[in-house]
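So this one's final-v9.txt, compact mmCIF, C-alpha atoms:
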# COMPACT_ATOMS: atom_id res chain seq x y z
CA MET Y 1 -3.88 27.54 10.01
CA PHE Y 2 -7.58 28.20 9.38
CA ASN Y 3 -8.61 25.68 12.03
CA GLU Y 4 -6.20 27.28 14.48
CA GLN Y 5 -7.81 30.68 13.93
CA ILE Y 6 -11.28 29.23 14.44
CA LYS Y 7 -10.13 27.59 17.67
CA SER Y 8 -8.71 30.91 18.86
CA PHE Y 9 -12.03 32.62 18.06
CA ILE Y 10 -13.92 29.93 20.00
CA ASP Y 11 -11.61 30.26 23.00
CA ASN Y 12 -11.72 34.06 23.04
CA HIS Y 13 -15.52 34.07 22.95
CA GLY Y 14 -15.99 31.18 25.35
CA LEU Y 15 -18.16 29.35 22.83
CA GLY Y 16 -17.06 25.76 23.32
CA THR Y 17 -17.71 25.16 19.62
CA PHE Y 18 -18.26 27.23 16.51
CA ARG Y 19 -21.55 26.62 14.73
CA PRO Y 20 -21.95 29.39 12.15
CA LYS Y 21 -25.42 30.16 10.84
CA ALA Y 22 -24.68 33.00 8.41
CA VAL Y 23 -22.01 34.51 6.20
CA LEU Y 24 -22.10 38.30 5.81
CA PHE Y 25 -20.32 39.67 2.74
CA ASP Y 26 -19.17 43.20 2.13
CA MET Y 27 -19.85 44.22 -1.48
CA ASP Y 28 -17.15 46.40 -3.08
CA GLY Y 29 -13.78 44.70 -3.21
CA VAL Y 30 -15.30 41.41 -2.02
CA LEU Y 31 -18.06 40.47 -4.44
CA TYR Y 32 -17.13 42.93 -7.19
CA ASP Y 33 -13.72 44.10 -8.42
CA SER Y 34 -15.05 47.64 -8.15
CA MET Y 35 -12.58 49.44 -5.94
CA PRO Y 36 -10.33 50.76 -8.75
CA ASN Y 37 -13.38 52.48 -10.26
CA HIS Y 38 -14.47 53.80 -6.86
CA ALA Y 39 -10.99 55.21 -6.24
CA ILE Y 40 -11.05 57.12 -9.54
CA ALA Y 41 -14.59 58.38 -8.90
CA TRP Y 42 -13.64 59.59 -5.42
CA GLN Y 43 -10.58 61.43 -6.69
CA LYS Y 44 -12.36 63.13 -9.60
CA SER Y 45 -15.48 64.11 -7.67
CA MET Y 46 -13.79 65.44 -4.56
CA ALA Y 47 -11.37 67.51 -6.64
CA GLN Y 48 -14.42 69.47 -7.85
CA PHE Y 49 -15.00 70.55 -4.24
CA GLY Y 50 -11.38 71.37 -3.39
CA ILE Y 51 -10.72 68.11 -1.55
CA ASN Y 52 -7.60 66.08 -2.32
CA MET Y 53 -8.44 62.39 -2.02
CA THR Y 54 -5.90 59.78 -3.10
CA ALA Y 55 -6.49 56.21 -4.23
CA GLU Y 56 -5.02 55.08 -0.91
CA ASP Y 57 -7.57 57.25 0.91
CA ALA Y 58 -10.37 55.59 -1.04
CA TYR Y 59 -9.21 52.11 0.02
CA ALA Y 60 -8.54 53.14 3.62
CA THR Y 61 -12.03 54.64 4.04
CA GLU Y 62 -13.88 51.98 2.06
CA GLY Y 63 -16.89 50.57 3.85
CA ALA Y 64 -17.81 53.78 5.64
CA ARG Y 65 -20.96 55.62 4.61
CA GLY Y 66 -20.11 57.96 1.74
CA ILE Y 67 -21.47 61.04 3.47
CA ASP Y 68 -19.39 60.24 6.58
CA THR Y 69 -16.22 60.03 4.47
CA ILE Y 70 -17.00 63.35 2.80
CA LYS Y 71 -17.74 65.11 6.08
CA LYS Y 72 -14.47 63.80 7.51
CA PHE Y 73 -12.39 65.08 4.59
CA ALA Y 74 -14.24 68.39 4.49
CA SER Y 75 -13.44 68.89 8.14
CA MET Y 76 -9.76 67.96 7.71
CA GLN Y 77 -9.03 69.84 4.49
CA LEU Y 78 -11.64 72.57 4.19
CA HIS Y 79 -11.76 73.19 7.96
CA LYS Y 80 -15.53 73.31 8.05
CA ASP Y 81 -18.37 71.11 9.15
CA ILE Y 82 -20.88 70.39 6.43
CA SER Y 83 -24.40 69.04 6.78
CA ASP Y 84 -25.60 65.61 5.75
CA GLU Y 85 -27.49 67.27 2.91
CA GLU Y 86 -24.35 69.00 1.59
CA ALA Y 87 -22.38 65.79 1.87
CA GLN Y 88 -25.11 63.90 0.03
CA GLN Y 89 -25.00 66.37 -2.86
CA MET Y 90 -21.24 65.84 -3.12
CA TYR Y 91 -21.70 62.09 -2.88
CA ASP Y 92 -24.22 62.25 -5.73
CA VAL Y 93 -21.46 63.67 -7.95
CA LYS Y 94 -19.19 60.78 -6.99
CA THR Y 95 -22.00 58.31 -7.71
CA ALA Y 96 -22.63 59.78 -11.17
CA ILE Y 97 -18.95 59.49 -12.10
CA PHE Y 98 -18.81 55.91 -10.82
CA HIS Y 99 -21.84 54.86 -12.85
CA SER Y 100 -20.38 56.43 -16.00
CA MET Y 101 -17.52 53.91 -15.83
CA PRO Y 102 -17.54 50.30 -17.08
CA GLU Y 103 -19.42 47.84 -14.88
CA ALA Y 104 -17.13 46.07 -12.42
CA PRO Y 105 -16.91 42.27 -12.81
CA ILE Y 106 -17.78 39.70 -10.17
CA PHE Y 107 -14.64 38.27 -8.59
CA ASP Y 108 -13.64 34.79 -9.65
CA GLY Y 109 -14.76 32.33 -6.97
CA VAL Y 110 -17.74 34.25 -5.60
CA ILE Y 111 -20.47 32.08 -7.13
CA ARG Y 112 -18.60 28.92 -6.17
CA LEU Y 113 -18.22 30.15 -2.60
CA MET Y 114 -21.88 31.08 -2.27
CA THR Y 115 -22.87 27.67 -3.64
CA LEU Y 116 -20.69 25.96 -1.03
CA ILE Y 117 -22.10 28.14 1.74
CA ARG Y 118 -25.64 27.26 0.77
CA GLN Y 119 -24.68 23.56 0.63
CA SER Y 120 -23.39 23.95 4.18
CA GLY Y 121 -26.85 25.10 5.25
CA LEU Y 122 -25.84 28.68 6.08
CA THR Y 123 -27.70 31.89 5.25
CA ILE Y 124 -26.03 34.60 3.17
CA GLY Y 125 -26.33 38.31 3.89
CA ILE Y 126 -24.67 41.38 2.40
CA VAL Y 127 -23.53 44.37 4.45
CA THR Y 128 -22.41 47.38 2.42
CA GLY Y 129 -21.64 50.99 3.18
CA SER Y 130 -23.13 51.89 -0.19
CA GLY Y 131 -26.51 53.47 -0.57
CA GLN Y 132 -26.57 53.44 -4.37
CA ARG Y 133 -29.80 51.83 -5.54
CA PRO Y 134 -28.40 50.60 -8.90
CA LEU Y 135 -25.73 48.64 -7.02
CA ILE Y 136 -28.28 47.12 -4.65
CA ASN Y 137 -30.44 46.13 -7.61
CA ARG Y 138 -27.42 44.51 -9.24
CA LEU Y 139 -26.84 42.41 -6.11
CA LEU Y 140 -30.32 40.95 -6.46
CA THR Y 141 -29.79 40.31 -10.17
CA ASP Y 142 -26.38 38.69 -9.80
CA PHE Y 143 -26.94 36.78 -6.56
CA GLY Y 144 -30.70 36.32 -6.46
CA ASN Y 145 -30.25 32.56 -6.07
CA PHE Y 146 -28.47 33.12 -2.76
CA ILE Y 147 -29.85 36.30 -1.15
CA THR Y 148 -33.05 38.26 -0.64
CA ALA Y 149 -33.60 42.02 -0.35
CA GLY Y 150 -34.40 41.54 3.33
CA ARG Y 151 -30.89 40.26 3.99
CA ILE Y 152 -29.06 43.28 2.59
CA VAL Y 153 -27.83 46.07 4.89
CA THR Y 154 -27.03 49.41 3.23
CA ALA Y 155 -25.83 52.84 4.32
CA TYR Y 156 -29.43 53.92 4.84
CA ASP Y 157 -30.18 51.15 7.33
CA VAL Y 158 -27.83 52.39 10.05
CA THR Y 159 -26.96 55.69 11.69
CA HIS Y 160 -23.40 54.65 12.48
CA GLY Y 161 -21.56 53.02 9.60
CA LYS Y 162 -18.35 51.00 9.59
CA PRO Y 163 -16.09 50.87 11.62
CA ALA Y 164 -18.93 50.87 14.15
CA PRO Y 165 -20.36 47.38 14.70
CA ASP Y 166 -23.90 48.47 13.84
CA PRO Y 167 -23.96 47.30 10.19
CA TYR Y 168 -22.86 43.78 11.06
CA LEU Y 169 -25.09 43.62 14.12
CA MET Y 170 -27.98 44.42 11.80
CA GLY Y 171 -26.69 41.89 9.28
CA ALA Y 172 -26.73 39.22 11.98
CA ALA Y 173 -30.28 40.16 12.94
CA LYS Y 174 -31.44 40.08 9.31
CA THR Y 175 -30.06 36.57 8.90
CA ASP Y 176 -31.59 35.36 12.18
CA ALA Y 177 -28.20 34.74 13.75
CA GLU Y 178 -26.26 35.92 16.77
CA PRO Y 179 -23.08 37.87 15.93
CA HIS Y 180 -20.85 35.05 17.16
CA GLU Y 181 -22.69 32.74 14.74
CA CYS Y 182 -21.68 34.89 11.75
CA ILE Y 183 -18.67 34.85 9.47
CA VAL Y 184 -17.85 38.27 8.02
CA VAL Y 185 -15.98 38.53 4.71
CA GLU Y 186 -14.32 41.91 4.27
CA ASN Y 187 -11.50 43.54 2.35
CA ALA Y 188 -11.09 46.93 4.01
CA PRO Y 189 -9.72 48.12 7.35
CA LEU Y 190 -12.94 49.84 8.46
CA GLY Y 191 -15.01 46.81 7.54
CA VAL Y 192 -12.68 44.46 9.39
CA LYS Y 193 -12.92 46.65 12.47
CA ALA Y 194 -16.72 46.62 12.21
CA GLY Y 195 -16.90 42.83 11.93
CA VAL Y 196 -14.56 42.30 14.84
CA ALA Y 197 -16.36 44.90 16.98
CA ALA Y 198 -19.65 43.13 16.29
CA GLY Y 199 -18.18 39.88 17.62
CA CYS Y 200 -18.11 37.99 14.29
CA LEU Y 201 -15.43 35.69 12.96
CA THR Y 202 -13.90 38.10 10.45
CA ILE Y 203 -12.07 36.99 7.32
CA ALA Y 204 -10.19 39.58 5.30
CA VAL Y 205 -9.78 39.02 1.57
CA ASN Y 206 -6.98 41.33 0.49
CA SER Y 207 -8.10 42.41 -2.97
CA GLY Y 208 -6.50 45.86 -2.77
CA PRO Y 209 -3.07 47.50 -2.45
CA LEU Y 210 -2.84 47.53 1.34
CA PRO Y 211 -0.38 45.18 3.06
CA ASP Y 212 -1.85 42.13 4.80
CA SER Y 213 -0.52 43.53 8.06
CA VAL Y 214 -2.94 46.47 7.88
CA LEU Y 215 -5.88 44.07 7.87
CA SER Y 216 -4.48 41.78 10.55
CA ASP Y 217 -3.66 44.79 12.73
CA CYS Y 218 -7.32 45.81 12.46
CA GLY Y 219 -8.23 42.48 14.03
CA ALA Y 220 -8.91 40.17 11.08
CA HIS Y 221 -8.92 36.60 12.34
CA VAL Y 222 -7.80 35.31 8.94
CA VAL Y 223 -6.25 37.12 5.95
CA LEU Y 224 -6.46 35.46 2.52
CA PRO Y 225 -5.26 36.70 -0.89
CA SER Y 226 -8.51 36.28 -2.82
CA ILE Y 227 -12.14 35.25 -2.69
CA LYS Y 228 -11.17 32.28 -4.87
CA ARG Y 229 -8.80 31.12 -2.15
CA LEU Y 230 -11.55 31.48 0.43
CA ALA Y 231 -13.75 29.20 -1.70
CA GLU Y 232 -10.94 26.64 -1.69
CA VAL Y 233 -10.52 26.94 2.07
CA TRP Y 234 -14.26 26.60 2.57
CA GLU Y 235 -14.35 23.40 0.54
CA GLU Y 236 -11.34 22.01 2.40
CA THR Y 237 -12.33 23.07 5.92
CA LEU Y 238 -15.89 24.31 6.40
CA ASN Y 239 -18.05 22.56 3.82
CA LYS Y 240 -19.91 20.38 6.32
CA PRO Y 241 -23.67 20.06 5.74

Output the file's structure in the form of structure tokens.
Amino acid sequence: MFNEQIKSFIDNHGLGTFRPKAVLFDMDGVLYDSMPNHAIAWQKSMAQFGINMTAEDAYATEGARGIDTIKKFASMQLHKDISDEEAQQMYDVKTAIFHSMPEAPIFDGVIRLMTLIRQSGLTIGIVTGSGQRPLINRLLTDFGNFITAGRIVTAYDVTHGKPAPDPYLMGAAKTDAEPHECIVVENAPLGVKAGVAAGCLTIAVNSGPLPDSVLSDCGAHVVLPSIKRLAEVWEETLNKP
């Protein structure tokens, strides 16, 4: 099945062959099992400002810049447009709640997958909608053997966040690859849309409560149940130095 999806990607992009140069990972829900904590932090923080945000809303909007999510919900529920500065102040409350919670673990299979990717001669980048410095610092601590600071895209690097293609276009540029030479690993609808819009082979790892169909309907070329399964698929299919 995986080979069939790659062939379809090649045909649709008129590539002739697929020679990936980089793998671009989302962070929350892909590298870290952090989305349950994010969902709680979103619900608690937004309630302080009169905004009702459910856990499902948190998953559905994951990957977007935090201030964009807040401005969207303020417009829908409070019927007013707020400034970036106001949204940032509200986002700071959400960030504080999130960082008061236990640290989210790395998903099983992530280190193995990154090791296999490096053995395949590909570059690793990370593309996140987060702008939280402690999280970015943790990426460098946990995955410093595989990434550099110059290959991380955050919310502050782009004007238009996911689902716009801009974050993954920048991720491709930071890894010295063309978009069609990149494999995107995502878990959220907005992130999948961004990867597909950028022209990358986009793999969805469904680590949350949404049905697989939601991710495939957003354009995911492949949907897998876990990052561990992706590591197995990589070893079986793509681990070619």

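Within 12 Å of Val158 of chain Y, once all atoms listed in the file are used and residues closer than 2 positions along the same chain are dropped, the contacting residues are Ala64, Arg65, Val127, Thr128, Gly129, Ser130, Gly131, Ile152, Val153, Thr154, Ala155, Tyr156, His160, Gly161, Lys162, Pro163, Ala164, Pro165, Asp166, Pro167, Tyr168, Leu169, Met170 and Gly171 of chain Y.
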
Using all atoms listed in the file, which residues sit within 9 Å of Arg19 of chain Y once same-chain residues fewer than 3 positions away are excluded, as a PyMOL selection string?
chain Y and resi 180-182

Please list as a list in words every residue within 8 Å of Ile183 of chain Y, counting all atoms listed in the file and excluding residues in the same chain fewer than 5 positions away.
Pro20, Ala22, Val23, Leu24, Cys200, Leu201, Thr202 and Ile203 of chain Y

Grab the residues selected above and save them as an mmCIF file, in the frame of the given file with C-alpha atoms.
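Writing the result to out.cif gives the following:
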data_model
loop_
_atom_site.group_PDB
_atom_site.id
_atom_site.type_symbol
_atom_site.label_atom_id
_atom_site.label_comp_id
_atom_site.auth_asym_id
_atom_site.auth_seq_id
_atom_site.Cartn_x
_atom_site.Cartn_y
_atom_site.Cartn_z
ATOM 1 C CA PRO Y 20 -21.950 29.390 12.150
ATOM 2 C CA ALA Y 22 -24.680 33.000 8.410
ATOM 3 C CA VAL Y 23 -22.010 34.510 6.200
ATOM 4 C CA LEU Y 24 -22.100 38.300 5.810
ATOM 5 C CA CYS Y 200 -18.110 37.990 14.290
ATOM 6 C CA LEU Y 201 -15.430 35.690 12.960
ATOM 7 C CA THR Y 202 -13.900 38.100 10.450
ATOM 8 C CA ILE Y 203 -12.070 36.990 7.320
#

Please determine, counting all atoms listed in the file, which residue among Y:Ala39, Y:Ala74, Y:Ile136, Y:Ala47 has the shortest atom-to-atom distance to Thr148 of chain Y.
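Of Y:Ala39, Y:Ala74, Y:Ile136, Y:Ala47, the one nearest Thr148 of chain Y is Y:Ile136, counting all atoms listed in the file.
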
Name the residues within 7 Å of (-11.0, 62.5, 2.0), counting all atoms listed in the file in the file's coordinates, and put them as a PDB file with C-alpha atoms, keeping the file's coordinate frame.
ATOM      1  CA  ILE Y  51     -10.720  68.110  -1.550  1.00  0.00           C
ATOM      2  CA  ASN Y  52      -7.600  66.080  -2.320  1.00  0.00           C
ATOM      3  CA  MET Y  53      -8.440  62.390  -2.020  1.00  0.00           C
ATOM      4  CA  ASP Y  57      -7.570  57.250   0.910  1.00  0.00           C
ATOM      5  CA  THR Y  69     -16.220  60.030   4.470  1.00  0.00           C
ATOM      6  CA  ILE Y  70     -17.000  63.350   2.800  1.00  0.00           C
ATOM      7  CA  LYS Y  72     -14.470  63.800   7.510  1.00  0.00           C
ATOM      8  CA  PHE Y  73     -12.390  65.080   4.590  1.00  0.00           C
TER       9      PHE Y  73
END

Just to confirm, what's the straight-line distance from atom CA of Ala87 of chain Y to atom CA of Gly66 of chain Y in Å (one decimal)?
8.2 Å

One decimal, Å: what's the distance from atom CA of Thr141 of chain Y over to atom CA of Ala41 of chain Y, could you say?
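Going from atom CA of Thr141 of chain Y over to atom CA of Ala41 of chain Y covers 23.6 Å.
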
Atom CA of Val205 of chain Y to atom CA of Ile147 of chain Y measures 20.4 Å

Nearest-residue call for Leu139 of chain Y, choices Y:Leu210, Y:Pro105, Y:Leu113, Y:Ser120, using all atoms listed in the file
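Under the stated criterion, the closest residue is Y:Pro105.
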
In the coordinate frame of the file, compute which residues have an atom within 12 Å of (-13.0, 57.9, -11.8) when using only C-alpha atoms, and state them as number ranges by chain.
Y: 34-47, 53-55, 58, 93-102

Near Ile227 of chain Y, counting only C-alpha atoms, which residues have an atom at most 8 Å away, once you skip same-chain residues fewer than 4 positions from it, shown as a PyMOL selection string?
chain Y and resi 30+107-110+113+205+231

Any idea what's packed within 8 Å of Thr61 of chain Y, counting all atoms listed in the file, ignoring anything in its chain fewer than 6 positions away? Could you give it as number ranges by chain?
Y: 69, 188-190

Grab the residues selected above and save them as a compact mmCIF listing (two decimals), in the frame of the given file with C-alpha atoms.
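See selection.txt below for the written result:
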# COMPACT_ATOMS: atom_id res chain seq x y z
CA THR Y 69 -16.22 60.03 4.47
CA ALA Y 188 -11.09 46.93 4.01
CA PRO Y 189 -9.72 48.12 7.35
CA LEU Y 190 -12.94 49.84 8.46

Segment 174-181 of chain Y, all listed atoms, 8 Å padding on each side: what axis-aligned box centre and edge lengths in Å to one decimal come out, as lines of an AutoDock Vina configuration file?
center_x = -26.2
center_y = 36.4
center_z = 13.0
size_x = 26.7
size_y = 23.3
size_z = 24.3

Residue nearest Gln119 of chain Y among Y:Pro134, Y:Asp84, Y:Leu78, Y:Phe146 (counting all atoms listed in the file):
Y:Phe146
